[in-house]
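Structure data follow from query.csv (CSV, C-alpha atoms):
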```csv
chain,number,residue,atom,x,y,z
A,1,MET,CA,-8.7,27.4,5.5
A,2,SER,CA,-7.3,27.7,2.0
A,3,LYS,CA,-4.2,30.0,1.7
A,4,CYS,CA,-3.8,32.5,-1.1
A,5,CYS,CA,-0.5,33.4,-2.6
A,6,CYS,CA,0.0,36.3,-0.3
A,7,GLY,CA,-0.7,34.3,2.8
A,8,GLY,CA,2.8,33.1,3.4
A,9,LYS,CA,4.3,29.6,3.1
A,10,THR,CA,1.8,26.8,2.8
A,11,ILE,CA,2.6,23.8,5.0
A,12,LEU,CA,0.3,20.9,4.9
A,13,ILE,CA,0.3,18.2,7.6
A,14,TYR,CA,-0.9,14.6,6.8
A,15,PRO,CA,-1.3,12.2,9.8
A,16,CYS,CA,-1.9,8.6,9.0
A,17,SER,CA,-4.8,8.6,11.6
A,18,GLY,CA,-4.6,4.8,11.7
A,19,ALA,CA,-6.6,2.5,13.9
A,20,ALA,CA,-3.9,1.8,16.5
A,21,ASN,CA,-2.9,4.1,19.4
A,22,THR,CA,0.0,5.4,17.2
A,23,GLY,CA,-2.4,6.5,14.5
A,24,GLU,CA,-4.6,8.3,17.0
A,25,ILE,CA,-1.6,10.1,18.5
A,26,ALA,CA,-0.4,11.1,15.0
A,27,ASP,CA,-3.9,12.5,14.4
A,28,ARG,CA,-4.1,14.4,17.8
A,29,ALA,CA,-0.5,15.8,17.4
A,30,SER,CA,-1.4,17.0,13.8
A,31,ARG,CA,-4.5,18.8,15.2
A,32,LYS,CA,-2.4,20.4,17.9
A,33,LEU,CA,0.2,21.6,15.4
A,34,THR,CA,-2.5,23.1,13.3
A,35,LYS,CA,-4.1,24.9,16.2
A,36,GLU,CA,-0.7,26.3,17.1
A,37,GLY,CA,0.0,27.5,13.6
A,38,TYR,CA,2.8,25.2,12.5
A,39,GLY,CA,0.8,24.1,9.4
A,40,LYS,CA,-2.6,23.0,8.3
A,41,MET,CA,-3.8,19.4,8.8
A,42,THR,CA,-5.5,18.0,5.8
A,43,CYS,CA,-7.2,14.8,4.7
A,44,LEU,CA,-4.9,12.0,3.8
A,45,ALA,CA,-8.0,9.8,2.9
A,46,SER,CA,-8.9,12.4,0.2
A,47,VAL,CA,-5.5,12.2,-1.3
A,48,GLY,CA,-5.7,8.4,-1.3
A,49,ALA,CA,-9.1,8.7,-3.0
A,50,HIS,CA,-7.5,10.9,-5.7
A,51,ILE,CA,-9.8,13.8,-5.0
A,52,THR,CA,-8.3,16.3,-7.4
A,53,GLY,CA,-8.4,19.3,-5.1
A,54,PHE,CA,-6.4,17.5,-2.4
A,55,VAL,CA,-4.0,16.0,-4.9
A,56,GLN,CA,-3.3,19.3,-6.6
A,57,SER,CA,-3.0,21.0,-3.2
A,58,ALA,CA,-0.3,18.6,-2.2
A,59,LYS,CA,1.5,19.2,-5.4
A,60,GLY,CA,1.2,23.0,-5.1
A,61,ALA,CA,2.1,23.3,-1.4
A,62,GLU,CA,5.6,24.6,-0.4
A,63,GLU,CA,5.8,21.9,2.3
A,64,ASN,CA,4.1,18.6,2.9
A,65,ILE,CA,4.7,16.9,6.3
A,66,THR,CA,3.7,13.4,7.0
A,67,ILE,CA,3.2,12.0,10.5
A,68,ASP,CA,3.0,8.2,10.5
A,69,GLY,CA,2.2,6.1,13.6
A,70,CYS,CA,4.4,3.2,12.6
A,71,SER,CA,7.1,2.3,10.1
A,72,ILE,CA,4.6,1.0,7.5
A,73,SER,CA,4.5,4.7,6.6
A,74,CYS,CA,1.1,4.9,5.0
A,75,ALA,CA,0.9,8.7,4.9
A,76,LYS,CA,4.3,9.0,3.3
A,77,LYS,CA,3.5,6.2,0.8
A,78,ILE,CA,0.1,7.8,-0.2
A,79,LEU,CA,1.9,11.0,-1.0
A,80,GLU,CA,4.5,9.2,-3.0
A,81,HIS,CA,1.8,7.5,-5.0
A,82,ILE,CA,0.7,10.9,-6.3
A,83,GLY,CA,4.3,11.8,-7.0
A,84,VAL,CA,4.9,14.0,-4.0
A,85,THR,CA,7.9,13.5,-1.7
A,86,PRO,CA,7.2,14.8,1.8
A,87,THR,CA,9.5,17.6,2.8
A,88,LYS,CA,9.6,16.0,6.3
A,89,SER,CA,8.4,12.6,7.6
A,90,TYR,CA,7.9,11.5,11.1
A,91,ILE,CA,7.3,8.0,12.4
A,92,LEU,CA,6.0,7.8,16.0
A,93,THR,CA,7.4,4.3,16.8
A,94,GLU,CA,10.8,5.8,16.0
A,95,MET,CA,10.1,8.6,18.5
A,96,GLY,CA,9.5,6.4,21.5
A,97,VAL,CA,5.8,5.5,21.0
A,98,GLU,CA,5.1,1.8,21.4
A,99,LYS,CA,2.4,0.6,19.1
A,100,GLY,CA,-0.5,-1.0,20.8
A,101,LYS,CA,1.1,-0.8,24.2
A,102,ILE,CA,0.6,2.7,25.6
A,103,PRO,CA,-2.7,4.6,26.1
A,104,VAL,CA,-3.4,7.8,24.1
A,105,THR,CA,-3.0,10.6,26.6
A,106,GLU,CA,-2.6,14.3,26.4
A,107,GLU,CA,0.9,13.9,27.8
A,108,ILE,CA,2.1,11.7,25.0
A,109,THR,CA,0.4,13.9,22.4
A,110,ASN,CA,2.2,16.9,23.8
A,111,LYS,CA,5.5,15.1,23.9
A,112,ILE,CA,5.2,14.1,20.3
A,113,SER,CA,4.0,17.5,19.0
A,114,ASN,CA,6.8,19.2,21.0
A,115,LYS,CA,9.4,17.0,19.3
A,116,ILE,CA,8.0,17.8,15.9
A,117,LYS,CA,7.8,21.5,16.7
A,118,LYS,CA,11.5,21.5,17.8
A,119,SER,CA,12.4,19.6,14.6
A,120,LEU,CA,10.4,22.0,12.4
A,121,SER,CA,11.9,25.1,14.1
A,122,SER,CA,15.5,23.9,13.6
A,123,LYS,CA,14.7,23.2,10.0
A,124,GLU,CA,13.3,26.7,9.5
A,125,LYS,CA,16.3,28.2,11.1
A,126,GLN,CA,18.6,26.3,8.8
A,127,GLU,CA,16.6,27.5,5.8
A,128,ASN,CA,16.6,31.1,6.9
A,129,ASN,CA,20.4,31.0,7.3
A,130,THR,CA,21.0,29.7,3.8
A,131,GLU,CA,18.3,31.7,2.0
A,132,GLY,CA,19.1,35.2,3.2
A,133,ASP,CA,16.7,38.2,3.1
A,134,GLU,CA,16.5,38.7,-0.7
A,135,ASN,CA,14.7,35.4,-1.3
A,136,SER,CA,12.2,35.6,1.5
A,137,GLY,CA,8.7,36.9,1.3
A,138,CYS,CA,6.0,36.9,-1.3
A,139,SER,CA,6.8,37.1,-4.9
A,140,CYS,CA,3.4,37.9,-6.3
A,141,CYS,CA,2.9,41.4,-4.9
A,142,SER,CA,4.5,44.1,-3.0
A,143,CYS,CA,3.5,42.9,0.5
B,1,MET,CA,-17.4,24.0,-20.6
B,2,LYS,CA,-17.1,25.6,-17.2
B,3,ILE,CA,-13.8,27.0,-16.0
B,4,GLU,CA,-13.5,28.1,-12.4
B,5,ILE,CA,-10.7,30.2,-10.9
B,6,LEU,CA,-10.5,29.6,-7.2
B,7,GLY,CA,-8.9,32.3,-5.1
B,8,THR,CA,-9.5,35.3,-3.0
B,9,GLY,CA,-8.5,37.8,-5.6
B,10,CYS,CA,-4.7,38.2,-5.3
B,11,PRO,CA,-2.5,39.1,-8.3
B,12,LYS,CA,-1.8,35.4,-9.0
B,13,CYS,CA,-5.6,34.7,-9.3
B,14,LYS,CA,-6.0,37.6,-11.7
B,15,LYS,CA,-3.1,36.3,-13.8
B,16,LEU,CA,-4.6,32.8,-13.9
B,17,THR,CA,-7.9,34.3,-15.0
B,18,LYS,CA,-6.2,36.3,-17.8
B,19,LEU,CA,-4.3,33.3,-19.1
B,20,SER,CA,-7.4,31.2,-19.1
B,21,GLU,CA,-9.3,33.8,-21.0
B,22,GLU,CA,-6.5,34.0,-23.6
B,23,ALA,CA,-6.4,30.2,-23.9
B,24,ILE,CA,-10.2,30.0,-24.5
B,25,ASN,CA,-10.1,32.9,-27.1
B,26,GLU,CA,-7.1,31.3,-29.0
B,27,LEU,CA,-8.9,27.9,-29.1
B,28,GLY,CA,-12.2,29.5,-30.1
B,29,VAL,CA,-14.1,27.3,-27.7
B,30,SER,CA,-17.2,28.2,-25.9
B,31,ALA,CA,-16.5,28.3,-22.2
B,32,GLU,CA,-17.8,30.1,-19.1
B,33,ILE,CA,-15.2,31.5,-16.7
B,34,VAL,CA,-16.4,31.7,-13.1
B,35,LYS,CA,-14.3,33.4,-10.3
B,36,VAL,CA,-14.9,31.6,-7.0
B,37,THR,CA,-13.8,33.7,-4.0
B,38,ASP,CA,-16.0,32.1,-1.3
B,39,ILE,CA,-13.6,30.3,1.0
B,40,ASN,CA,-16.3,27.6,1.8
B,41,LYS,CA,-16.7,26.8,-1.9
B,42,ILE,CA,-13.0,26.6,-2.3
B,43,ILE,CA,-12.7,24.2,0.6
B,44,ASP,CA,-15.5,22.1,-0.9
B,45,TYR,CA,-13.1,21.3,-3.7
B,46,GLY,CA,-10.5,20.2,-1.2
B,47,VAL,CA,-8.3,23.0,-2.3
B,48,MET,CA,-5.9,24.1,0.5
B,49,VAL,CA,-3.7,26.5,-1.5
B,50,THR,CA,-4.8,29.0,-4.2
B,51,PRO,CA,-4.9,30.1,-6.9
B,52,ALA,CA,-6.5,27.0,-8.4
B,53,LEU,CA,-8.0,26.1,-11.8
B,54,VAL,CA,-11.0,23.9,-12.1
B,55,VAL,CA,-12.1,22.6,-15.6
B,56,ASP,CA,-15.6,21.0,-15.6
B,57,GLY,CA,-15.4,20.1,-11.9
B,58,GLU,CA,-11.8,18.7,-11.9
B,59,VAL,CA,-9.1,20.6,-10.1
B,60,LYS,CA,-6.2,20.8,-12.6
B,61,VAL,CA,-3.7,22.9,-10.6
B,62,ALA,CA,-3.5,24.5,-7.2
B,63,GLY,CA,-1.0,26.9,-5.6
B,64,LYS,CA,0.8,27.9,-8.7
B,65,ILE,CA,0.2,29.5,-12.1
B,66,PRO,CA,0.4,27.1,-15.0
B,67,SER,CA,1.6,28.1,-18.4
B,68,LYS,CA,-0.9,29.0,-21.1
B,69,LYS,CA,0.2,25.9,-22.9
B,70,GLU,CA,-0.8,23.7,-20.0
B,71,ILE,CA,-4.2,25.4,-19.7
B,72,THR,CA,-4.8,25.0,-23.4
B,73,LYS,CA,-4.0,21.3,-23.1
B,74,TRP,CA,-6.5,20.8,-20.3
B,75,ILE,CA,-9.2,22.7,-22.2
B,76,GLU,CA,-8.6,20.6,-25.3
B,77,LYS,CA,-8.8,17.3,-23.4
B,78,ASN,CA,-12.2,18.2,-22.2
```
Spell out the structure here as structure tokens.
Amino acid sequence: MSKCCCGGKTILIYPCSGAANTGEIADRASRKLTKEGYGKMTCLASVGAHITGFVQSAKGAEENITIDGCSISCAKKILEHIGVTPTKSYILTEMGVEKGKIPVTEEITNKISNKIKKSLSSKEKQENNTEGDENSGCSCCSC
Amino acid sequence: MKIEILGTGCPKCKKLTKLSEEAINELGVSAEIVKVTDINKIIDYGVMVTPALVVDGEVKVAGKIPSKKEITKWIEKN
């Protein structure tokens, strides 16, 4: 769902969703993170196709997170092609997933999404510590 | 020319509408401004963050309020 200015921080998640097991795990982990409220998975293919709504959303979001299956980093590179540097990038082969060698299971999907959640939570804590209360919250209204 | 303001009606959406109206009036061009609040229509544009400005079907900006100068430039180009 689209977020309005009063809806809090917009975090968009882009998995590479590639053909290998790594791409499928990236995709499944992104869907899980979305369901659990860590961000909103969106269509990397649409960004690659330069669909203006998706391109401008990436440019306007507070955070863009890429989840790539392998070090080719297609998701990260696609965002960079439109001039967006991801705020956080994950590569599954650097997180213990062997490309083409392990099956796609719920266990590995959970393991990866948990690692990402942990990383995102620690990043958020760091930001909260540096920002302080006066910079938090919405700036467009009195909410 | 058709200008669409995508958003659910928050203050930022209203400000974007006002700036667009001013830009149109100052340029003296004929344009229709349409406010799109239906979330499904917003998603159809691929917009994940609002407010967003669409000029003749092309999303020019999303998630932030552009300056009037930028809006003017987009209208002039069309």
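Proximity ranking of B:Ile24, B:Lys2, B:Glu58, B:Val34 relative to chain A places B:Glu58 first, based on only C-alpha atoms.
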What are the nearest atom pairs, with distances in Å to one decimal, for all residues of chain B that come at most 10 Å from chain A, using only C-alpha atoms, set out by chain and rising residue number as a Markdown table?
```
| residue | atom | partner | partner_atom | distance |
| --- | --- | --- | --- | --- |
| B:Leu6 | CA | A:Cys4 | CA | 9.5 |
| B:Gly7 | CA | A:Cys4 | CA | 6.5 |
| B:Thr8 | CA | A:Cys4 | CA | 6.6 |
| B:Gly9 | CA | A:Cys4 | CA | 8.4 |
| B:Cys10 | CA | A:Cys5 | CA | 6.9 |
| B:Pro11 | CA | A:Cys140 | CA | 6.3 |
| B:Lys12 | CA | A:Cys140 | CA | 6.4 |
| B:Cys13 | CA | A:Cys5 | CA | 8.5 |
| B:Ile39 | CA | A:Ser2 | CA | 6.9 |
| B:Asn40 | CA | A:Met1 | CA | 8.5 |
| B:Ile42 | CA | A:Ser2 | CA | 7.2 |
| B:Ile43 | CA | A:Ser2 | CA | 6.6 |
| B:Asp44 | CA | A:Gly53 | CA | 8.7 |
| B:Tyr45 | CA | A:Gly53 | CA | 5.3 |
| B:Gly46 | CA | A:Gly53 | CA | 4.5 |
| B:Val47 | CA | A:Gly53 | CA | 4.6 |
| B:Met48 | CA | A:Ser2 | CA | 4.1 |
| B:Val49 | CA | A:Lys3 | CA | 4.8 |
| B:Thr50 | CA | A:Cys4 | CA | 4.8 |
| B:Pro51 | CA | A:Cys4 | CA | 6.4 |
| B:Ala52 | CA | A:Gln56 | CA | 8.5 |
| B:Leu53 | CA | A:Gly53 | CA | 9.6 |
| B:Val54 | CA | A:Gly53 | CA | 8.8 |
| B:Gly57 | CA | A:Thr52 | CA | 9.2 |
| B:Glu58 | CA | A:Thr52 | CA | 6.2 |
| B:Val59 | CA | A:Thr52 | CA | 5.1 |
| B:Lys60 | CA | A:Gln56 | CA | 6.8 |
| B:Val61 | CA | A:Gln56 | CA | 5.4 |
| B:Ala62 | CA | A:Gln56 | CA | 5.2 |
| B:Gly63 | CA | A:Gly60 | CA | 4.5 |
| B:Lys64 | CA | A:Gly60 | CA | 6.1 |
| B:Ile65 | CA | A:Gly60 | CA | 9.6 |
```
Figure out the distance between CA of Ser67 in chain B and CA of Ser20 in chain B, please, to one decimal in Å.
-> 9.5 Å
Please work out which residues fall within 10 Å of (5.0, 13.1, 3.5), coordinates as given in the file, with only C-alpha atoms counting, and return them as a ChimeraX atom specification.
-> /A:12-16,44,58,63-68,73-80,84-90
Put those residues in a file: C-alpha atoms, as a tab-separated table (two decimals), in the coordinates of the input.
```
chain	number	residue	atom	x	y	z
A	12	LEU	CA	0.30	20.90	4.90
A	13	ILE	CA	0.30	18.20	7.60
A	14	TYR	CA	-0.90	14.60	6.80
A	15	PRO	CA	-1.30	12.20	9.80
A	16	CYS	CA	-1.90	8.60	9.00
A	44	LEU	CA	-4.90	12.00	3.80
A	58	ALA	CA	-0.30	18.60	-2.20
A	63	GLU	CA	5.80	21.90	2.30
A	64	ASN	CA	4.10	18.60	2.90
A	65	ILE	CA	4.70	16.90	6.30
A	66	THR	CA	3.70	13.40	7.00
A	67	ILE	CA	3.20	12.00	10.50
A	68	ASP	CA	3.00	8.20	10.50
A	73	SER	CA	4.50	4.70	6.60
A	74	CYS	CA	1.10	4.90	5.00
A	75	ALA	CA	0.90	8.70	4.90
A	76	LYS	CA	4.30	9.00	3.30
A	77	LYS	CA	3.50	6.20	0.80
A	78	ILE	CA	0.10	7.80	-0.20
A	79	LEU	CA	1.90	11.00	-1.00
A	80	GLU	CA	4.50	9.20	-3.00
A	84	VAL	CA	4.90	14.00	-4.00
A	85	THR	CA	7.90	13.50	-1.70
A	86	PRO	CA	7.20	14.80	1.80
A	87	THR	CA	9.50	17.60	2.80
A	88	LYS	CA	9.60	16.00	6.30
A	89	SER	CA	8.40	12.60	7.60
A	90	TYR	CA	7.90	11.50	11.10
```
Separation of CA of Glu98 in chain A and CA of Gly23 in chain A, in Å?
->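 Here the two named atoms are 11.2 Å from each other.
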Measure the distance from CA of Leu16 in chain B to CA of Lys73 in chain B in Å and round it to one decimal.
->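 Distance between the two atoms: 14.7 Å.
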With distances taken over only C-alpha atoms, which of A:Ser122, A:His81, A:Ile116, A:Leu92 is nearest to Tyr38 in chain A?
-> A:Ile116
Would you list the residues near (-0.8, 22.5, 18.3), meaning any protein, DNA or RNA residue with an atom at most 12 Å from that point in file coordinates, counting all atoms listed in the file, as a list of chain:residue names?
-> A:Ile13, A:Ala26, A:Asp27, A:Arg28, A:Ala29, A:Ser30, A:Arg31, A:Lys32, A:Leu33, A:Thr34, A:Lys35, A:Glu36, A:Gly37, A:Tyr38, A:Gly39, A:Lys40, A:Met41, A:Glu106, A:Thr109, A:Asn110, A:Lys111, A:Ile112, A:Ser113, A:Asn114, A:Lys115, A:Ile116, A:Lys117
Which one of A:Gly48, A:Gly18, A:Gly8, A:Pro103 sits closest to Ile72 in chain A if you count all atoms listed in the file?
->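 Residue with the minimum atom-to-atom distance to Ile72 in chain A: A:Gly18.
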Which polymer residues have any atom within 12 Å of an atom of Ser30 in chain B, counting only C-alpha atoms, with same-chain residues fewer than 3 positions away left out, as a PyMOL selection string?
-> chain B and resi 1-3+21+23-27+33+75-76+78
Could I see range 69-102 of chain A restored to N, CA and C atoms, set down as a compact mmCIF listing (two decimals), in the frame of the given file?
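Heads up, here's the output in selection-v1.txt:
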```
# COMPACT_ATOMS: atom_id res chain seq x y z
N GLY A 69 2.12 6.76 12.26
CA GLY A 69 2.20 6.10 13.60
C GLY A 69 3.26 5.05 13.62
N CYS A 70 3.45 4.32 12.55
CA CYS A 70 4.40 3.20 12.60
C CYS A 70 5.22 3.22 11.25
N SER A 71 6.16 2.30 11.20
CA SER A 71 7.10 2.30 10.10
C SER A 71 6.49 1.80 8.75
N ILE A 72 5.24 1.37 8.78
CA ILE A 72 4.60 1.00 7.50
C ILE A 72 4.48 2.29 6.64
N SER A 73 4.44 3.42 7.29
CA SER A 73 4.50 4.70 6.60
C SER A 73 3.40 4.97 5.58
N CYS A 74 2.17 4.69 5.93
CA CYS A 74 1.10 4.90 5.00
C CYS A 74 0.96 6.29 4.45
N ALA A 75 1.08 7.25 5.33
CA ALA A 75 0.90 8.70 4.90
C ALA A 75 2.00 9.02 3.88
N LYS A 76 3.22 8.66 4.20
CA LYS A 76 4.30 9.00 3.30
C LYS A 76 4.11 8.27 1.93
N LYS A 77 3.70 7.00 2.00
CA LYS A 77 3.50 6.20 0.80
C LYS A 77 2.34 6.77 -0.08
N ILE A 78 1.29 7.22 0.58
CA ILE A 78 0.10 7.80 -0.20
C ILE A 78 0.58 9.02 -0.94
N LEU A 79 1.37 9.86 -0.28
CA LEU A 79 1.90 11.00 -1.00
C LEU A 79 2.78 10.64 -2.15
N GLU A 80 3.62 9.65 -1.91
CA GLU A 80 4.50 9.20 -3.00
C GLU A 80 3.76 8.63 -4.17
N HIS A 81 2.61 8.01 -3.89
CA HIS A 81 1.80 7.50 -5.00
C HIS A 81 1.30 8.55 -5.95
N ILE A 82 1.15 9.77 -5.43
CA ILE A 82 0.70 10.90 -6.30
C ILE A 82 1.92 11.69 -6.80
N GLY A 83 3.10 11.17 -6.54
CA GLY A 83 4.30 11.80 -7.00
C GLY A 83 4.83 12.96 -6.17
N VAL A 84 4.41 12.97 -4.91
CA VAL A 84 4.90 14.00 -4.00
C VAL A 84 5.78 13.40 -2.93
N THR A 85 6.97 13.94 -2.80
CA THR A 85 7.90 13.50 -1.70
C THR A 85 7.72 14.44 -0.56
N PRO A 86 7.33 13.92 0.61
CA PRO A 86 7.20 14.80 1.80
C PRO A 86 8.47 15.55 2.08
N THR A 87 8.34 16.81 2.46
CA THR A 87 9.50 17.60 2.80
C THR A 87 10.08 17.10 4.17
N LYS A 88 9.19 16.56 4.99
CA LYS A 88 9.60 16.00 6.30
C LYS A 88 8.66 14.89 6.67
N SER A 89 9.22 13.78 7.16
CA SER A 89 8.40 12.60 7.60
C SER A 89 8.72 12.23 8.99
N TYR A 90 7.71 11.98 9.76
CA TYR A 90 7.90 11.50 11.10
C TYR A 90 7.23 10.19 11.33
N ILE A 91 7.89 9.31 12.11
CA ILE A 91 7.30 8.00 12.40
C ILE A 91 7.32 7.86 13.95
N LEU A 92 6.12 7.75 14.52
CA LEU A 92 6.00 7.80 16.00
C LEU A 92 6.71 6.65 16.70
N THR A 93 6.72 5.47 16.10
CA THR A 93 7.40 4.30 16.80
C THR A 93 8.90 4.55 16.83
N GLU A 94 9.39 5.47 15.98
CA GLU A 94 10.80 5.80 16.00
C GLU A 94 11.06 7.01 16.96
N MET A 95 9.96 7.47 17.55
CA MET A 95 10.10 8.60 18.50
C MET A 95 9.67 8.21 19.87
N GLY A 96 9.72 6.93 20.14
CA GLY A 96 9.50 6.40 21.50
C GLY A 96 8.06 6.00 21.81
N VAL A 97 7.18 5.95 20.80
CA VAL A 97 5.80 5.50 21.00
C VAL A 97 5.71 3.99 20.71
N GLU A 98 5.24 3.21 21.66
CA GLU A 98 5.10 1.80 21.40
C GLU A 98 3.71 1.47 20.86
N LYS A 99 3.69 0.84 19.70
CA LYS A 99 2.40 0.60 19.10
C LYS A 99 1.60 -0.48 19.84
N GLY A 100 0.37 -0.13 20.15
CA GLY A 100 -0.50 -1.00 20.80
C GLY A 100 -0.23 -1.26 22.31
N LYS A 101 0.72 -0.52 22.85
CA LYS A 101 1.10 -0.80 24.20
C LYS A 101 0.87 0.35 25.21
N ILE A 102 0.75 1.55 24.68
CA ILE A 102 0.60 2.70 25.60
C ILE A 102 -0.77 3.38 25.33
```
